[in-house]
>>> print(open('structure_32.tsv').read())   # TSV, N, CA and C atoms
chain	number	residue	atom	x	y	z
A	14	GLY	N	92.69	134.94	112.90
A	14	GLY	CA	93.92	135.53	113.34
A	14	GLY	C	94.94	134.48	113.69
A	15	ILE	N	96.00	134.92	114.30
A	15	ILE	CA	97.11	134.03	114.65
A	15	ILE	C	96.66	132.97	115.64
A	16	ASN	N	95.90	133.37	116.69
A	16	ASN	CA	95.47	132.40	117.68
A	16	ASN	C	94.56	131.33	117.08
A	17	ALA	N	93.66	131.73	116.20
A	17	ALA	CA	92.75	130.77	115.56
A	17	ALA	C	93.55	129.79	114.72
A	18	GLU	N	94.52	130.30	113.96
A	18	GLU	CA	95.34	129.41	113.14
A	18	GLU	C	96.14	128.47	114.03
A	19	TYR	N	96.69	128.99	115.13
A	19	TYR	CA	97.46	128.16	116.04
A	19	TYR	C	96.58	127.06	116.64
A	20	GLY	N	95.34	127.42	117.01
A	20	GLY	CA	94.41	126.44	117.56
A	20	GLY	C	94.12	125.32	116.59
A	21	VAL	N	93.91	125.67	115.32
A	21	VAL	CA	93.67	124.66	114.28
A	21	VAL	C	94.90	123.80	114.12
A	22	ARG	N	96.06	124.45	114.06
A	22	ARG	CA	97.32	123.72	113.89
A	22	ARG	C	97.54	122.77	115.07
A	23	GLU	N	97.26	123.26	116.29
A	23	GLU	CA	97.44	122.43	117.48
A	23	GLU	C	96.49	121.24	117.44
A	24	GLU	N	95.23	121.48	117.09
A	24	GLU	CA	94.24	120.41	117.00
A	24	GLU	C	94.65	119.39	115.94
A	25	LEU	N	95.12	119.87	114.80
A	25	LEU	CA	95.55	119.00	113.72
A	25	LEU	C	96.76	118.19	114.16
A	26	SER	N	97.71	118.81	114.84
A	26	SER	CA	98.89	118.11	115.33
A	26	SER	C	98.52	117.02	116.32
A	27	MET	N	97.55	117.31	117.20
A	27	MET	CA	97.11	116.32	118.17
A	27	MET	C	96.46	115.14	117.46
A	28	PHE	N	95.67	115.41	116.42
A	28	PHE	CA	95.05	114.33	115.68
A	28	PHE	C	96.10	113.44	115.04
A	29	CYS	N	97.09	114.07	114.40
A	29	CYS	CA	98.15	113.31	113.74
A	29	CYS	C	98.93	112.48	114.74
A	30	ALA	N	99.21	113.04	115.92
A	30	ALA	CA	99.95	112.31	116.95
A	30	ALA	C	99.12	111.12	117.41
A	31	ALA	N	97.81	111.33	117.55
A	31	ALA	CA	96.93	110.24	117.97
A	31	ALA	C	96.91	109.13	116.93
A	32	ALA	N	97.02	109.49	115.68
A	32	ALA	CA	97.05	108.50	114.60
A	32	ALA	C	98.45	107.95	114.39
A	33	LYS	N	99.40	108.43	115.19
A	33	LYS	CA	100.81	108.04	115.10
A	33	LYS	C	101.39	108.32	113.72
A	34	MET	N	100.95	109.43	113.15
A	34	MET	CA	101.44	109.85	111.84
A	34	MET	C	101.91	111.29	111.95
A	35	ALA	N	102.97	111.62	111.25
A	35	ALA	CA	103.44	113.02	111.23
A	35	ALA	C	102.68	113.77	110.16
A	36	CYS	N	102.23	114.97	110.49
A	36	CYS	CA	101.55	115.80	109.52
A	36	CYS	C	102.58	116.33	108.54
A	37	ARG	N	102.37	116.09	107.26
A	37	ARG	CA	103.36	116.48	106.26
A	37	ARG	C	103.02	117.77	105.55
A	38	ARG	N	101.76	118.24	105.72
A	38	ARG	CA	101.34	119.43	105.00
A	38	ARG	C	100.97	120.54	105.96
A	39	PRO	N	101.21	121.79	105.57
A	39	PRO	CA	100.82	122.90	106.44
A	39	PRO	C	99.30	123.04	106.51
A	40	VAL	N	98.83	123.71	107.53
A	40	VAL	CA	97.40	123.90	107.73
A	40	VAL	C	96.74	124.52	106.49
A	41	SER	N	97.45	125.40	105.79
A	41	SER	CA	96.86	126.06	104.63
A	41	SER	C	96.52	125.07	103.52
A	42	ALA	N	97.11	123.86	103.54
A	42	ALA	CA	96.84	122.88	102.49
A	42	ALA	C	95.77	121.87	102.90
A	43	VAL	N	95.20	122.00	104.08
A	43	VAL	CA	94.21	121.05	104.56
A	43	VAL	C	92.94	121.17	103.73
A	44	ARG	N	92.53	120.04	103.14
A	44	ARG	CA	91.31	120.00	102.34
A	44	ARG	C	90.71	118.62	102.43
A	45	SER	N	89.44	118.50	102.29
A	45	SER	CA	88.74	117.23	102.19
A	45	SER	C	87.81	117.33	101.00
A	46	ILE	N	88.38	117.27	99.82
A	46	ILE	CA	87.62	117.45	98.59
A	46	ILE	C	87.68	116.16	97.80
A	47	ALA	N	86.56	115.73	97.28
A	47	ALA	CA	86.53	114.54	96.44
A	47	ALA	C	87.26	114.84	95.14
A	48	VAL	N	88.04	113.89	94.71
A	48	VAL	CA	88.78	114.02	93.45
A	48	VAL	C	88.25	112.94	92.53
A	49	SER	N	87.99	113.29	91.29
A	49	SER	CA	87.51	112.28	90.36
A	49	SER	C	88.24	112.38	89.04
A	50	ALA	N	88.10	111.34	88.25
A	50	ALA	CA	88.72	111.32	86.94
A	50	ALA	C	88.18	112.45	86.06
A	51	ALA	N	87.05	113.05	86.46
A	51	ALA	CA	86.46	114.15	85.71
A	51	ALA	C	87.23	115.45	85.87
A	52	GLY	N	88.22	115.47	86.77
A	52	GLY	CA	89.07	116.64	86.86
A	52	GLY	C	88.83	117.58	88.01
A	53	GLU	N	88.01	117.21	89.01
A	53	GLU	CA	87.84	118.07	90.17
A	53	GLU	C	89.19	118.14	90.88
A	54	HIS	N	89.43	119.23	91.59
A	54	HIS	CA	90.71	119.41	92.29
A	54	HIS	C	90.59	119.00	93.73
A	55	GLY	N	91.67	118.43	94.25
A	55	GLY	CA	91.74	118.05	95.65
A	55	GLY	C	93.13	118.32	96.17
A	56	SER	N	93.43	117.77	97.32
A	56	SER	CA	94.75	117.97	97.92
A	56	SER	C	95.80	117.23	97.10
A	57	VAL	N	97.05	117.52	97.37
A	57	VAL	CA	98.15	116.86	96.68
A	57	VAL	C	98.08	115.35	96.90
A	58	GLY	N	97.80	114.94	98.14
A	58	GLY	CA	97.69	113.50	98.45
A	58	GLY	C	96.55	112.84	97.70
A	59	GLU	N	95.40	113.51	97.64
A	59	GLU	CA	94.25	112.98	96.91
A	59	GLU	C	94.58	112.84	95.43
A	60	GLN	N	95.19	113.87	94.86
A	60	GLN	CA	95.56	113.83	93.44
A	60	GLN	C	96.58	112.74	93.16
A	61	HIS	N	97.54	112.56	94.08
A	61	HIS	CA	98.56	111.52	93.90
A	61	HIS	C	97.92	110.14	93.85
A	62	LEU	N	97.05	109.83	94.82
A	62	LEU	CA	96.41	108.53	94.87
A	62	LEU	C	95.54	108.28	93.63
A	63	LEU	N	94.85	109.32	93.19
A	63	LEU	CA	94.04	109.19	91.98
A	63	LEU	C	94.93	108.86	90.79
A	64	GLY	N	96.08	109.53	90.68
A	64	GLY	CA	97.02	109.26	89.60
A	64	GLY	C	97.54	107.84	89.63
A	65	VAL	N	97.85	107.33	90.81
A	65	VAL	CA	98.34	105.95	90.95
A	65	VAL	C	97.25	104.97	90.49
A	66	LEU	N	96.00	105.24	90.90
A	66	LEU	CA	94.89	104.38	90.48
A	66	LEU	C	94.71	104.39	88.96
A	67	GLU	N	94.80	105.59	88.37
A	67	GLU	CA	94.61	105.71	86.92
A	67	GLU	C	95.74	105.04	86.14
A	68	GLN	N	96.93	104.96	86.74
A	68	GLN	CA	98.04	104.26	86.08
A	68	GLN	C	97.88	102.75	86.17
A	69	GLY	N	97.26	102.27	87.25
A	69	GLY	CA	97.15	100.83	87.47
A	69	GLY	C	95.88	100.18	86.99
A	70	LEU	N	94.86	100.98	86.72
A	70	LEU	CA	93.55	100.46	86.31
A	70	LEU	C	92.97	101.29	85.17
A	71	ALA	N	92.05	100.68	84.44
A	71	ALA	CA	91.25	101.42	83.46
A	71	ALA	C	90.10	102.05	84.26
A	72	VAL	N	90.34	103.23	84.82
A	72	VAL	CA	89.39	103.89	85.72
A	72	VAL	C	88.28	104.55	84.91
A	73	HIS	N	87.04	104.17	85.21
A	73	HIS	CA	85.87	104.82	84.62
A	73	HIS	C	85.47	106.01	85.50
A	74	HIS	N	85.49	105.78	86.81
A	74	HIS	CA	85.18	106.83	87.78
A	74	HIS	C	85.93	106.51	89.07
A	75	ALA	N	86.47	107.53	89.70
A	75	ALA	CA	87.14	107.34	90.99
A	75	ALA	C	87.02	108.60	91.83
A	76	THR	N	86.90	108.40	93.13
A	76	THR	CA	86.97	109.50	94.07
A	76	THR	C	87.97	109.12	95.15
A	77	VAL	N	88.73	110.09	95.57
A	77	VAL	CA	89.69	109.92	96.66
A	77	VAL	C	89.47	111.10	97.59
A	78	ARG	N	89.24	110.81	98.87
A	78	ARG	CA	88.97	111.87	99.83
A	78	ARG	C	89.80	111.65	101.08
A	79	ASP	N	90.53	112.67	101.47
A	79	ASP	CA	91.31	112.65	102.71
A	79	ASP	C	90.33	112.81	103.87
A	80	ILE	N	90.19	111.78	104.69
A	80	ILE	CA	89.26	111.83	105.82
A	80	ILE	C	90.00	111.93	107.15
A	81	SER	N	91.28	112.31	107.09
A	81	SER	CA	92.10	112.40	108.29
A	81	SER	C	92.09	113.79	108.91
A	82	GLY	N	91.41	114.71	108.29
A	82	GLY	CA	91.46	116.08	108.77
A	82	GLY	C	92.60	116.85	108.15
A	83	GLY	N	93.23	116.28	107.14
A	83	GLY	CA	94.28	116.98	106.41
A	83	GLY	C	95.67	116.40	106.55
A	84	CYS	N	95.85	115.42	107.40
A	84	CYS	CA	97.19	114.83	107.60
A	84	CYS	C	97.61	113.93	106.45
A	85	GLY	N	96.66	113.38	105.74
A	85	GLY	CA	96.98	112.42	104.69
A	85	GLY	C	97.22	111.04	105.26
A	86	SER	N	96.68	110.78	106.46
A	86	SER	CA	96.89	109.47	107.08
A	86	SER	C	95.72	108.51	106.88
A	87	MET	N	94.56	109.04	106.45
A	87	MET	CA	93.39	108.19	106.21
A	87	MET	C	92.67	108.68	104.96
A	88	TYR	N	92.31	107.73	104.11
A	88	TYR	CA	91.62	108.09	102.87
A	88	TYR	C	90.41	107.20	102.66
A	89	GLU	N	89.44	107.78	101.96
A	89	GLU	CA	88.26	107.07	101.49
A	89	GLU	C	88.39	107.01	99.97
A	90	VAL	N	88.39	105.80	99.42
A	90	VAL	CA	88.62	105.62	97.98
A	90	VAL	C	87.45	104.85	97.38
A	91	TYR	N	86.96	105.34	96.25
A	91	TYR	CA	85.94	104.64	95.47
A	91	TYR	C	86.44	104.54	94.04
A	92	VAL	N	86.38	103.33	93.47
A	92	VAL	CA	86.85	103.12	92.10
A	92	VAL	C	85.84	102.27	91.34
A	93	ALA	N	85.48	102.72	90.14
A	93	ALA	CA	84.66	101.93	89.21
A	93	ALA	C	85.51	101.66	87.98
A	94	SER	N	85.62	100.38	87.62
A	94	SER	CA	86.47	100.00	86.50
A	94	SER	C	85.96	98.71	85.87
A	95	ASP	N	86.12	98.60	84.55
A	95	ASP	CA	85.80	97.36	83.86
A	95	ASP	C	86.83	96.28	84.16
A	96	ASP	N	87.97	96.65	84.72
A	96	ASP	CA	88.97	95.67	85.14
A	96	ASP	C	88.42	94.74	86.21
A	97	PHE	N	87.32	95.13	86.87
A	97	PHE	CA	86.73	94.33	87.94
A	97	PHE	C	85.69	93.32	87.44
A	98	LYS	N	85.40	93.34	86.13
A	98	LYS	CA	84.38	92.42	85.58
A	98	LYS	C	84.72	90.98	85.94
A	99	GLY	N	83.72	90.27	86.46
A	99	GLY	CA	83.87	88.86	86.78
A	99	GLY	C	84.65	88.58	88.06
A	100	MET	N	85.07	89.62	88.77
A	100	MET	CA	85.84	89.44	90.01
A	100	MET	C	84.92	89.56	91.22
A	101	MET	N	85.20	88.74	92.22
A	101	MET	CA	84.53	88.88	93.51
A	101	MET	C	85.00	90.19	94.15
A	102	LEU	N	84.20	90.75	95.02
A	102	LEU	CA	84.52	92.01	95.68
A	102	LEU	C	85.88	91.95	96.40
A	103	VAL	N	86.16	90.83	97.05
A	103	VAL	CA	87.42	90.68	97.78
A	103	VAL	C	88.61	90.80	96.81
A	104	LYS	N	88.49	90.20	95.64
A	104	LYS	CA	89.57	90.28	94.65
A	104	LYS	C	89.72	91.70	94.10
A	105	GLN	N	88.59	92.40	93.93
A	105	GLN	CA	88.64	93.79	93.49
A	105	GLN	C	89.44	94.62	94.50
A	106	HIS	N	89.13	94.43	95.78
A	106	HIS	CA	89.81	95.19	96.83
A	106	HIS	C	91.29	94.83	96.89
A	107	LYS	N	91.61	93.54	96.75
A	107	LYS	CA	93.02	93.13	96.74
A	107	LYS	C	93.77	93.76	95.58
A	108	MET	N	93.11	93.87	94.43
A	108	MET	CA	93.75	94.48	93.25
A	108	MET	C	94.07	95.96	93.54
A	109	VAL	N	93.09	96.68	94.07
A	109	VAL	CA	93.31	98.10	94.37
A	109	VAL	C	94.38	98.26	95.45
A	110	LYS	N	94.31	97.44	96.48
A	110	LYS	CA	95.31	97.53	97.56
A	110	LYS	C	96.71	97.22	97.05
A	111	SER	N	96.84	96.30	96.10
A	111	SER	CA	98.17	96.01	95.55
A	111	SER	C	98.68	97.19	94.72
A	112	ILE	N	97.79	97.87	94.02
A	112	ILE	CA	98.18	99.05	93.24
A	112	ILE	C	98.61	100.19	94.17
A	113	LEU	N	97.92	100.32	95.30
A	113	LEU	CA	98.22	101.39	96.25
A	113	LEU	C	99.17	100.96	97.38
A	114	ALA	N	99.74	99.76	97.30
A	114	ALA	CA	100.53	99.18	98.39
A	114	ALA	C	101.59	100.11	98.95
A	115	GLN	N	102.34	100.75	98.09
A	115	GLN	CA	103.41	101.63	98.55
A	115	GLN	C	102.85	102.80	99.37
A	116	ASP	N	101.72	103.34	98.93
A	116	ASP	CA	101.09	104.46	99.63
A	116	ASP	C	100.37	104.00	100.90
A	117	ILE	N	99.78	102.82	100.87
A	117	ILE	CA	99.06	102.29	102.02
A	117	ILE	C	100.01	102.11	103.20
A	118	ALA	N	101.25	101.77	102.92
A	118	ALA	CA	102.24	101.57	103.99
A	118	ALA	C	102.40	102.80	104.86
A	119	ASP	N	102.14	103.98	104.31
A	119	ASP	CA	102.27	105.24	105.05
A	119	ASP	C	100.96	105.73	105.65
A	120	MET	N	99.88	104.97	105.47
A	120	MET	CA	98.56	105.40	105.94
A	120	MET	C	98.21	104.78	107.28
A	121	HIS	N	97.33	105.46	107.99
A	121	HIS	CA	96.77	104.93	109.23
A	121	HIS	C	95.53	104.09	108.92
A	122	GLY	N	94.79	104.48	107.87
A	122	GLY	CA	93.58	103.76	107.53
A	122	GLY	C	93.12	104.03	106.12
A	123	LEU	N	92.33	103.11	105.58
A	123	LEU	CA	91.81	103.22	104.22
A	123	LEU	C	90.41	102.63	104.18
A	124	THR	N	89.47	103.39	103.65
A	124	THR	CA	88.13	102.89	103.39
A	124	THR	C	88.03	102.72	101.88
A	125	LEU	N	87.69	101.53	101.44
A	125	LEU	CA	87.73	101.21	100.02
A	125	LEU	C	86.39	100.66	99.55
A	126	LYS	N	85.91	101.23	98.44
A	126	LYS	CA	84.71	100.71	97.78
A	126	LYS	C	85.03	100.58	96.31
A	127	THR	N	84.58	99.48	95.70
A	127	THR	CA	84.82	99.26	94.28
A	127	THR	C	83.54	98.81	93.61
A	128	ALA	N	83.51	98.99	92.29
A	128	ALA	CA	82.35	98.55	91.50
A	128	ALA	C	82.76	98.39	90.05
A	129	THR	N	82.03	97.55	89.34
A	129	THR	CA	82.21	97.48	87.90
A	129	THR	C	81.57	98.74	87.31
A	130	VAL	N	81.89	99.05	86.08
A	130	VAL	CA	81.31	100.22	85.43
A	130	VAL	C	79.80	100.07	85.34
A	131	GLU	N	79.34	98.88	85.00
A	131	GLU	CA	77.90	98.62	84.89
A	131	GLU	C	77.19	98.89	86.22
A	132	LYS	N	77.76	98.38	87.32
A	132	LYS	CA	77.15	98.59	88.64
A	132	LYS	C	77.20	100.08	89.02
A	133	HIS	N	78.31	100.75	88.71
A	133	HIS	CA	78.44	102.18	89.01
A	133	HIS	C	77.39	102.98	88.25
A	134	ASP	N	77.28	102.74	86.95
A	134	ASP	CA	76.33	103.48	86.12
A	134	ASP	C	74.88	103.24	86.56
A	135	LYS	N	74.59	102.00	86.94
A	135	LYS	CA	73.24	101.67	87.42
A	135	LYS	C	72.94	102.42	88.71
A	136	ALA	N	73.90	102.46	89.64
A	136	ALA	CA	73.72	103.18	90.90
A	136	ALA	C	73.58	104.69	90.66
A	137	ALA	N	74.38	105.23	89.74
A	137	ALA	CA	74.31	106.66	89.41
A	137	ALA	C	72.95	107.02	88.81
A	138	ALA	N	72.42	106.15	87.94
A	138	ALA	CA	71.13	106.40	87.31
A	138	ALA	C	70.01	106.34	88.37
A	139	THR	N	70.12	105.43	89.30
A	139	THR	CA	69.13	105.31	90.39
A	139	THR	C	69.17	106.55	91.27
A	140	GLN	N	70.39	107.03	91.56
A	140	GLN	CA	70.53	108.24	92.37
A	140	GLN	C	69.92	109.45	91.69
A	141	LYS	N	70.16	109.58	90.38
A	141	LYS	CA	69.59	110.71	89.63
A	141	LYS	C	68.07	110.65	89.62
A	142	ALA	N	67.52	109.45	89.43
A	142	ALA	CA	66.07	109.28	89.39
A	142	ALA	C	65.45	109.61	90.75
A	143	THR	N	66.14	109.21	91.82
A	143	THR	CA	65.66	109.47	93.18
A	143	THR	C	65.73	110.95	93.52
A	144	ALA	N	66.75	111.63	92.99
A	144	ALA	CA	66.95	113.05	93.29
A	144	ALA	C	65.92	113.95	92.62
A	145	LYS	N	65.27	113.46	91.60
A	145	LYS	CA	64.30	114.29	90.86
A	145	LYS	C	63.02	114.45	91.59
>>> encode(input="structure_32.tsv", output="structure tokens")
Amino acid sequence: GINAEYGVREELSMFCAAAKMACRRPVSAVRSIAVSAAGEHGSVGEQHLLGVLEQGLAVHHATVRDISGGCGSMYEVYVASDDFKGMMLVKQHKMVKSILAQDIADMHGLTLKTATVEKHDKAAATQKATAK
């Protein structure tokens, strides 16, 4: 009902204020869904960041997840790309951060993980074998 929605909105507003970020989306748009190059749907912010990554890198696999509770102030990003071949992890992260620099300026926080396609595929195969 109205009170429940107001309570969620109030809680979300308090979180955004605590993060010193203004909430840009209405409560009805709050989602925490992984977005990948395979076409899963996520929030507008998640889709935007995925698009920026796909324009800047040869993305084999990527997930972008809003972990801020819907404000779009904190994201968890995972990217697997052959563009990372031969690069140290720090350089991979610097590359992704430079691609997302304009968007990072508006964020409160970012969790970033990167991998080469070979490392990603090996980890995915291990996960599948373990899940059986």
>>> closest_residue(input="structure_32.tsv", among="A:Met120, A:Leu102, A:Ala142, A:Ala136", to="A:Ser81", atoms="only C-alpha atoms")
A:Met120
>>> atom_distance(input="structure_32.tsv", atom1="atom CA of A:Val130", atom2="atom CA of A:Leu66")
15.1 Å
>>> closest_atom_pairs(input="structure_32.tsv", of="stretch 73-126 of chain A", to="stretch 56-61 of chain A", cutoff="6.5 Å", atoms="all atoms listed in the file", output="CSV")
residue,atom,partner,partner_atom,distance
A:Val77,C,A:Glu59,CA,5.2
A:Arg78,N,A:Glu59,CA,5.8
A:Asp79,N,A:Glu59,CA,5.9
A:Gly85,CA,A:Gly58,CA,6.4
>>> atom_distance(input="structure_32.tsv", atom1="atom CA of A:Ala75", atom2="atom N of A:Leu123")
16.1 Å
>>> closest_residue(input="structure_32.tsv", among="A:Gln105, A:Ala93, A:Lys110, A:Met100", to="A:Asp134", atoms="all atoms listed in the file")
A:Ala93
>>> atom_distance(input="structure_32.tsv", atom1="atom N of A:Thr76", atom2="atom N of A:Phe97")
14.7 Å
>>> select_by_dssp(input="structure_32.tsv", residues="stretch 44-99 of chain A", states="strand (DSSP E or B)", output="NGL selection string")
:A and (48-49 or 72-79 or 87-94)
>>> axis_aligned_box(input="structure_32.tsv", around="stretch 80-92 of chain A", padding_each_side="3 Å", output="JSON")
{"center_x": 91.7, "center_y": 109.6, "center_z": 100.1, "size_x": 17.8, "size_y": 20.7, "size_z": 23.6}
>>> closest_residue(input="structure_32.tsv", among="A:Gln140, A:Val92, A:Lys104, A:Val109", to="A:Ala128", atoms="only N, CA and C atoms")
A:Val92
>>> residues_around(input="structure_32.tsv", residues="A:Gly122", least_positions_apart="3", cutoff="12 Å", atoms="only C-alpha atoms", output="list in words")
Ala32, Lys33, Met34, Asp79, Ile80, Ser81, Cys84, Gly85, Ser86, Met87, Tyr88, Glu89, Val90, Lys110, Asp116, Ile117, Ala118, Asp119 and Leu125 of chain A
